[in-house]
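J.: Next comes the structure file final26.txt, holding compact mmCIF, C-alpha atoms.
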```
# COMPACT_ATOMS: atom_id res chain seq x y z
CA MET A 456 170.37 103.71 111.91
CA ASN A 457 173.11 106.24 112.31
CA PHE A 458 176.23 104.23 113.25
CA LYS A 459 179.75 104.01 111.90
CA MET A 460 182.83 102.20 113.13
CA ASP A 461 186.41 102.44 111.86
CA VAL A 462 189.59 100.88 113.17
CA ARG A 463 193.02 102.38 112.69
CA THR A 464 196.42 101.80 114.23
CA PHE A 465 198.66 104.42 115.77
CA GLU A 466 202.41 103.81 115.43
CA LYS A 467 201.75 100.24 114.28
CA ASP A 468 200.81 98.85 117.69
CA LEU A 469 198.01 100.90 119.23
CA PRO A 470 194.57 100.07 117.80
CA ILE A 471 192.01 102.86 117.93
CA ILE A 472 188.30 102.22 117.33
CA ASP A 473 186.50 105.33 116.09
CA LEU A 474 182.77 105.23 116.74
CA GLU A 475 180.14 107.56 115.35
CA GLY A 476 176.40 107.90 115.93
CA GLU A 477 174.26 105.65 118.11
CA VAL A 478 175.77 102.73 120.00
CA ASP A 479 172.83 100.72 121.29
CA VAL A 480 171.29 97.24 121.47
CA TYR A 481 171.29 97.08 117.65
CA THR A 482 174.80 98.34 116.92
CA ALA A 483 176.77 97.36 120.06
CA PRO A 484 177.23 93.72 118.87
CA GLN A 485 179.40 95.09 116.01
CA LEU A 486 181.58 96.87 118.55
CA LYS A 487 181.76 93.72 120.67
CA GLN A 488 182.96 91.68 117.68
CA GLN A 489 185.54 94.32 116.79
CA ILE A 490 186.95 94.32 120.33
CA ILE A 491 187.13 90.50 120.27
CA ASN A 492 188.99 90.62 116.92
CA ILE A 493 191.50 93.09 118.34
CA LEU A 494 192.00 90.97 121.47
CA GLU A 495 192.48 87.85 119.37
CA SER A 496 195.09 89.64 117.27
CA GLY A 497 197.18 89.82 120.47
CA ALA A 498 196.82 93.54 121.19
CA LYS A 499 197.11 94.46 124.84
CA GLU A 500 196.10 98.07 124.52
CA LEU A 501 193.10 99.66 122.91
CA VAL A 502 191.65 103.13 122.57
CA VAL A 503 187.93 103.59 121.91
CA ASP A 504 187.08 107.04 120.61
CA LEU A 505 183.55 108.16 121.51
CA THR A 506 184.02 111.75 120.32
CA LYS A 507 181.42 111.44 117.55
CA VAL A 508 178.99 109.25 119.51
CA ASP A 509 175.69 110.96 120.23
CA TYR A 510 173.90 108.10 121.97
CA LEU A 511 175.21 105.32 124.17
CA ASP A 512 173.09 102.84 126.14
CA SER A 513 173.61 100.11 128.73
CA THR A 514 174.29 97.51 126.04
CA ALA A 515 177.23 99.60 124.81
CA LEU A 516 178.40 100.09 128.40
CA GLY A 517 178.26 96.31 128.87
CA VAL A 518 180.39 95.74 125.77
CA LEU A 519 182.95 98.32 126.93
CA ILE A 520 183.07 96.77 130.43
CA GLY A 521 183.62 93.33 128.85
CA GLY A 522 186.44 94.71 126.70
CA LEU A 523 188.13 96.40 129.63
CA LYS A 524 187.84 93.25 131.74
CA ARG A 525 189.43 91.08 129.04
CA MET A 526 192.21 93.59 128.39
CA ARG A 527 193.05 93.69 132.10
CA GLU A 528 193.07 89.89 132.26
CA VAL A 529 196.05 89.95 129.89
CA ASP A 530 197.65 92.84 131.83
CA GLY A 531 196.60 95.26 129.14
CA ASN A 532 194.36 98.31 129.19
CA MET A 533 191.57 99.95 127.29
CA VAL A 534 190.94 103.69 127.52
CA LEU A 535 188.18 105.91 126.22
CA ILE A 536 188.17 109.31 124.54
CA CYS A 537 184.97 111.12 125.45
CA PRO A 538 184.88 114.92 125.36
CA SER A 539 181.06 115.09 125.13
CA PRO A 540 179.50 116.01 128.50
CA ARG A 541 176.26 114.28 127.49
CA ILE A 542 177.92 110.91 126.85
CA ARG A 543 180.31 111.31 129.78
CA ARG A 544 177.28 111.83 132.02
CA VAL A 545 176.14 108.25 131.30
CA PHE A 546 179.46 107.02 132.72
CA GLU A 547 179.22 109.39 135.67
CA ILE A 548 175.69 108.56 136.81
CA THR A 549 176.42 104.82 136.64
CA GLY A 550 179.74 105.27 138.48
CA LEU A 551 181.64 103.79 135.53
CA ASP A 552 183.80 106.91 135.24
CA LYS A 553 185.71 105.46 138.21
CA ILE A 554 186.41 102.22 136.38
CA PHE A 555 187.33 103.56 132.94
CA ASP A 556 190.19 105.92 132.13
CA ILE A 557 188.41 108.62 130.15
CA TYR A 558 190.25 111.36 128.27
CA ASN A 559 189.11 114.44 126.41
CA THR A 560 191.51 114.16 123.49
CA GLU A 561 193.31 111.50 121.52
CA ASP A 562 196.64 113.11 122.39
CA ASP A 563 195.94 112.64 126.11
CA ALA A 564 194.93 109.00 125.61
CA ARG A 565 197.96 108.21 123.45
CA GLU A 566 200.30 109.85 125.90
CA VAL A 567 199.03 107.63 128.71
CA MET A 568 199.25 104.52 126.56
CA GLY A 569 202.78 105.50 125.54
CA LYS A 570 203.80 105.81 129.16
CA GLU A 571 202.35 102.39 129.91
CA ILE A 572 204.26 100.84 127.01
CA GLU A 573 207.52 102.11 128.53
CA MET B 15 143.63 104.63 129.85
CA PRO B 16 141.32 104.90 126.81
CA ASN B 17 142.29 107.61 124.33
CA ASN B 18 139.08 109.58 124.85
CA GLU B 19 140.15 110.16 128.45
CA CYS B 20 143.63 111.20 127.41
CA PRO B 21 143.58 114.07 124.90
CA ALA B 22 147.37 114.35 124.84
CA CYS B 23 148.29 110.72 124.34
CA VAL B 24 150.76 109.52 121.74
CA GLU B 25 150.96 105.80 121.02
CA LEU B 26 153.37 103.82 118.93
CA ARG B 27 153.62 100.09 118.28
CA ILE B 28 156.99 98.73 117.16
CA PRO B 29 158.33 95.24 116.48
CA CYS B 30 160.18 93.90 119.52
CA LYS B 31 163.52 93.84 117.71
CA PRO B 32 166.84 95.67 118.30
CA GLU B 33 166.62 97.68 115.07
CA TYR B 34 163.35 99.34 116.14
CA VAL B 35 164.44 100.61 119.56
CA GLY B 36 165.82 103.71 117.82
CA VAL B 37 162.35 104.41 116.41
CA ALA B 38 160.89 104.49 119.93
CA ARG B 39 163.67 106.85 121.01
CA LEU B 40 162.95 109.21 118.13
CA ALA B 41 159.23 109.22 118.92
CA ILE B 42 159.70 110.02 122.60
CA LEU B 43 162.22 112.72 121.70
CA GLY B 44 159.44 114.44 119.74
CA VAL B 45 156.94 114.05 122.57
CA ALA B 46 159.31 115.13 125.36
CA SER B 47 160.34 118.18 123.32
CA ARG B 48 156.76 119.46 123.69
CA MET B 49 157.16 119.56 127.49
CA LYS B 50 158.83 122.22 129.61
CA PHE B 51 161.90 120.03 129.93
CA SER B 52 165.49 121.19 129.76
CA TYR B 53 167.71 119.75 127.07
CA ASP B 54 169.20 117.32 129.62
CA GLU B 55 165.76 116.21 130.82
CA VAL B 56 164.68 115.42 127.27
CA GLU B 57 167.84 113.34 126.89
CA ASP B 58 167.06 111.58 130.19
CA VAL B 59 163.63 110.55 128.91
CA ARG B 60 165.10 109.39 125.58
CA LEU B 61 167.69 107.22 127.32
CA ALA B 62 165.18 105.81 129.84
CA VAL B 63 162.75 104.84 127.06
CA GLY B 64 165.61 103.29 125.07
CA GLU B 65 166.63 101.24 128.11
CA ALA B 66 163.07 100.06 128.80
CA CYS B 67 162.62 98.97 125.16
CA THR B 68 166.05 97.29 125.15
CA THR B 69 165.06 95.23 128.19
CA SER B 70 161.86 94.19 126.40
CA VAL B 71 163.85 93.15 123.32
CA GLU B 72 166.33 91.14 125.41
CA TRP B 73 163.58 89.24 127.24
CA ALA B 74 161.74 88.60 123.97
CA GLU B 75 164.94 87.05 122.55
CA ARG B 76 165.39 84.85 125.63
CA ASN B 77 161.75 83.75 125.63
CA GLY B 78 161.50 83.17 121.87
CA LYS B 79 159.05 86.08 121.49
CA SER B 80 160.95 88.21 118.98
CA GLY B 81 157.88 88.26 116.74
CA SER B 82 155.94 90.24 119.36
CA SER B 83 155.45 94.01 119.67
CA ILE B 84 156.21 96.81 122.08
CA ILE B 85 153.65 99.53 122.69
CA LEU B 86 154.97 102.92 123.73
CA ARG B 87 152.24 105.07 125.22
CA SER B 88 152.98 108.57 126.41
CA GLU B 89 150.71 111.01 128.13
CA ILE B 90 151.54 114.68 128.41
CA ALA B 91 150.19 116.28 131.58
CA SER B 92 150.71 119.89 132.64
CA ASP B 93 153.51 119.06 135.05
CA LYS B 94 154.72 115.63 134.01
CA LEU B 95 155.24 113.13 131.22
CA ILE B 96 154.01 109.58 131.78
CA VAL B 97 155.43 106.88 129.53
CA ASP B 98 154.31 103.25 129.48
CA ILE B 99 156.38 100.63 127.70
CA ILE B 100 154.22 97.52 127.33
CA ASP B 101 155.68 94.32 125.88
CA GLU B 102 154.57 90.76 125.18
CA SER B 103 158.05 89.38 125.81
CA GLY B 104 157.01 86.65 128.23
CA PRO B 105 157.95 86.32 131.89
CA ARG B 106 161.08 87.98 133.24
CA ASN B 107 162.52 85.07 135.12
CA GLU B 108 165.70 86.59 136.57
CA GLY B 109 166.89 83.22 137.90
CA ALA B 110 167.21 81.86 134.35
CA VAL B 111 169.84 84.44 133.40
CA SER B 112 173.53 84.03 134.12
CA GLU B 113 175.33 86.71 136.09
CA THR B 114 177.32 87.84 133.04
CA GLU B 115 174.22 88.28 130.92
CA GLN B 116 172.51 90.24 133.66
CA GLU B 117 175.19 92.90 133.87
CA PRO B 118 173.97 95.22 131.09
CA GLU B 119 170.38 94.66 132.11
CA ASN B 120 171.11 95.70 135.66
CA LEU B 121 172.84 98.76 134.28
CA GLY B 122 169.74 99.46 132.20
CA ALA B 123 167.49 99.22 135.25
CA LEU B 124 169.88 101.42 137.21
CA LEU B 125 169.89 104.04 134.44
CA ILE B 126 166.09 104.14 134.30
CA THR B 127 165.90 104.66 138.07
CA LEU B 128 168.41 107.49 137.88
CA LEU B 129 166.92 109.22 134.83
CA VAL B 130 163.21 109.44 135.67
CA ASP B 131 161.38 110.42 138.84
CA GLU B 132 159.12 107.37 139.23
CA VAL B 133 159.32 103.83 137.85
CA SER B 134 157.00 100.88 138.27
CA VAL B 135 157.33 97.47 136.64
CA VAL B 136 154.37 95.10 136.59
CA PRO B 137 153.71 91.80 134.76
CA LYS B 138 150.92 92.25 132.21
CA ASN B 139 149.25 89.83 129.73
CA GLY B 140 152.23 87.62 128.96
CA GLY B 141 154.67 90.46 129.19
CA THR B 142 155.62 93.44 131.28
CA SER B 143 154.44 97.01 131.62
CA VAL B 144 156.96 99.62 132.70
CA ARG B 145 155.62 103.03 133.72
CA MET B 146 158.03 105.94 133.94
CA VAL B 147 157.12 109.42 135.13
CA LYS B 148 159.25 112.50 134.64
CA TYR B 149 158.21 115.79 136.23
CA ALA B 150 158.89 119.06 134.45
CA GLY B 151 160.94 121.70 136.24
CA GLN B 152 162.25 119.44 139.00
```
Once you've parsed the file, please lay out its structure as structure tokens.
T.:
Amino acid sequence: MNFKMDVRTFEKDLPIIDLEGEVDVYTAPQLKQQIINILESGAKELVVDLTKVDYLDSTALGVLIGGLKRMREVDGNMVLICPSPRIRRVFEITGLDKIFDIYNTEDDAREVMGKEIE
Amino acid sequence: MPNNECPACVELRIPCKPEYVGVARLAILGVASRMKFSYDEVEDVRLAVGEACTTSVEWAERNGKSGSSIILRSEIASDKLIVDIIDESGPRNEGAVSETEQEPENLGALLITLLVDEVSVVPKNGGTSVRMVKYAGQ
């Protein structure tokens, strides 16, 4: 199975999850656990980078919705980076593009998060 | 439909487990690529098949049937691709599932409806059979 996940931190307080490959019923539980770990560490903001994702299913969407919901419960936010039209289409046809803040580049996502921190 | 009546049938049996859903997606990608589908249409079929298999896997887990199989049967016709996903995952008793658990599954069902032209879901021999039809050049 082609799936990779890395977590890094931008300027010490903005966690970014980099995903690569296929996020589906088999791999999405790893993403779910990672989001829970980040939430439990007290982070109120999170960026999930889908730039290198080439497949995303409803299980992955469910995990992302759960993450967003929990972030908003603590007055935080979770944004997505998704320049791929194919992956973005999954959000569009399900109407989830209206719920998530989706950006084309990491710079755009970080800028928005920076503004929210202020 | 017996194979002798379906010269362009491709069948695959996979374990009803999360790690094998990707195998079904790969297989249908190969089949759909033989049709006069656009790149996006091939992707639609791949995602729809992945969603149908994922639903089978989730019901098998809930019903303690993870040792069962999923049969993927595809039939290439001149103008359409017919895909059957047949599982032995037990009954799909929606009432037994909490609202939170249902969320991704509802999304899966929604995606299938949006990605293919026809969908039918019928209970079959201790499981469920999902038939999806995608027309070429629509």
J.: For segment 129-134 of chain B, please output as a PDB file with C-alpha atoms, in the coordinates of the input all residues within 8 Å (counting only C-alpha atoms; exclusion window: fewer than 4 positions along the same chain).
T.:
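Full text of result_39.pdb as output:
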```pdb
ATOM      1  CA  ASP B  58     167.060 111.580 130.190  1.00  0.00           C
ATOM      2  CA  VAL B  59     163.630 110.550 128.910  1.00  0.00           C
ATOM      3  CA  LEU B  61     167.690 107.220 127.320  1.00  0.00           C
ATOM      4  CA  ALA B  62     165.180 105.810 129.840  1.00  0.00           C
ATOM      5  CA  LEU B 125     169.890 104.040 134.440  1.00  0.00           C
ATOM      6  CA  VAL B 144     156.960  99.620 132.700  1.00  0.00           C
ATOM      7  CA  ARG B 145     155.620 103.030 133.720  1.00  0.00           C
ATOM      8  CA  MET B 146     158.030 105.940 133.940  1.00  0.00           C
ATOM      9  CA  VAL B 147     157.120 109.420 135.130  1.00  0.00           C
ATOM     10  CA  LYS B 148     159.250 112.500 134.640  1.00  0.00           C
ATOM     11  CA  TYR B 149     158.210 115.790 136.230  1.00  0.00           C
TER      12      TYR B 149
END
```
J.: As a ChimeraX atom specification, could you give me every residue of chain A near chain B (at most 8 Å apart, counting all atoms listed in the file)?
T.: /A:456,480-481,512-514,516-517,541,548-549
J.: Figure out the distance between atom CA of Leu86 of chain B and atom CA of Ile99 of chain B, please, to one decimal in Å.
T.: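 Distance between the two atoms: 4.8 Å.
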J.: As an exercise, work out the distance from atom CA of Glu477 of chain A to atom CA of Thr506 of chain A in Å and give it to one decimal place.
T.: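 Atom CA of Glu477 of chain A sits 11.7 Å away from atom CA of Thr506 of chain A.
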J.: Given the point (180.9, 100.3, 109.5) in the file's coordinates, find the residues that have an atom at most 12 Å from it, counting only C-alpha atoms, and give them as a PyMOL selection string.
T.: chain A and resi 456-462+472-476+478+482-483+485-486+489
J.: So how far away is atom CA of Ser70 of chain B from atom CA of Cys30 of chain B, in Å?
T.: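 Value for the atom CA of Cys30 of chain B-atom CA of Ser70 of chain B distance: 7.1 Å.
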J.: Output as lines of an AutoDock Vina configuration file the centre and edge lengths (Å, one decimal) of the box along x, y and z of the file that holds every listed atom of segment 143-149 of chain B after adding 5 Å on each side.
T.:
```
center_x = 156.8
center_y = 106.4
center_z = 133.9
size_x = 14.8
size_y = 28.8
size_z = 14.6
```
J.: Counting all atoms listed in the file, which residue out of A:Val545, A:Asn532, A:Arg527, A:Pro538 sits closest to Leu511 of chain A?
T.: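 Closest to Leu511 of chain A of all the choices is A:Val545.
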J.: As a short mmCIF file (atom, residue, chain, number, x, y, z; two decimals), in the frame of the given file, please: segment 59-85 of chain B completed to N, CA and C atoms.
T.:
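Heads up, here's the output in rebuild02.cif:
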```
data_model
loop_
_atom_site.label_atom_id
_atom_site.label_comp_id
_atom_site.auth_asym_id
_atom_site.auth_seq_id
_atom_site.Cartn_x
_atom_site.Cartn_y
_atom_site.Cartn_z
N VAL B 59 164.83 111.31 129.30
CA VAL B 59 163.63 110.55 128.91
C VAL B 59 163.97 109.64 127.72
N ARG B 60 164.74 110.18 126.77
CA ARG B 60 165.10 109.39 125.58
C ARG B 60 165.89 108.14 125.99
N LEU B 61 166.86 108.34 126.90
CA LEU B 61 167.69 107.22 127.32
C LEU B 61 166.87 106.21 128.13
N ALA B 62 166.00 106.71 129.01
CA ALA B 62 165.18 105.81 129.84
C ALA B 62 164.25 104.96 128.97
N VAL B 63 163.64 105.59 127.96
CA VAL B 63 162.75 104.84 127.06
C VAL B 63 163.56 103.81 126.26
N GLY B 64 164.74 104.22 125.80
CA GLY B 64 165.61 103.29 125.07
C GLY B 64 165.96 102.08 125.93
N GLU B 65 166.27 102.33 127.20
CA GLU B 65 166.63 101.24 128.11
C GLU B 65 165.44 100.31 128.36
N ALA B 66 164.26 100.89 128.54
CA ALA B 66 163.07 100.06 128.80
C ALA B 66 162.78 99.18 127.58
N CYS B 67 162.88 99.75 126.38
CA CYS B 67 162.62 98.97 125.16
C CYS B 67 163.70 97.90 124.97
N THR B 68 164.94 98.24 125.28
CA THR B 68 166.05 97.29 125.15
C THR B 68 165.82 96.08 126.05
N THR B 69 165.35 96.33 127.27
CA THR B 69 165.06 95.23 128.19
C THR B 69 163.96 94.34 127.61
N SER B 70 162.94 94.97 127.03
CA SER B 70 161.86 94.19 126.40
C SER B 70 162.41 93.31 125.28
N VAL B 71 163.27 93.88 124.45
CA VAL B 71 163.85 93.15 123.32
C VAL B 71 164.69 91.97 123.83
N GLU B 72 165.47 92.21 124.89
CA GLU B 72 166.33 91.14 125.41
C GLU B 72 165.51 89.99 125.98
N TRP B 73 164.42 90.32 126.69
CA TRP B 73 163.58 89.24 127.24
C TRP B 73 162.83 88.51 126.14
N ALA B 74 162.43 89.24 125.10
CA ALA B 74 161.74 88.60 123.97
C ALA B 74 162.69 87.60 123.30
N GLU B 75 163.96 87.97 123.16
CA GLU B 75 164.94 87.05 122.55
C GLU B 75 165.11 85.80 123.41
N ARG B 76 165.21 86.00 124.73
CA ARG B 76 165.39 84.85 125.63
C ARG B 76 164.17 83.94 125.64
N ASN B 77 162.98 84.54 125.53
CA ASN B 77 161.75 83.75 125.63
C ASN B 77 161.20 83.32 124.28
N GLY B 78 161.96 83.55 123.21
CA GLY B 78 161.50 83.17 121.87
C GLY B 78 160.29 83.97 121.42
N LYS B 79 160.22 85.25 121.83
CA LYS B 79 159.05 86.08 121.49
C LYS B 79 159.45 87.27 120.61
N SER B 80 160.47 87.09 119.79
CA SER B 80 160.95 88.21 118.98
C SER B 80 159.95 88.67 117.92
N GLY B 81 158.91 87.86 117.70
CA GLY B 81 157.88 88.26 116.74
C GLY B 81 156.81 89.14 117.37
N SER B 82 156.96 89.45 118.66
CA SER B 82 155.94 90.24 119.36
C SER B 82 156.18 91.75 119.16
N SER B 83 155.37 92.55 119.84
CA SER B 83 155.45 94.01 119.67
C SER B 83 155.71 94.69 121.01
N ILE B 84 156.12 95.94 120.90
CA ILE B 84 156.21 96.81 122.08
C ILE B 84 155.28 97.99 121.82
N ILE B 85 154.48 98.32 122.81
CA ILE B 85 153.65 99.53 122.69
C ILE B 85 154.27 100.61 123.57
#
```
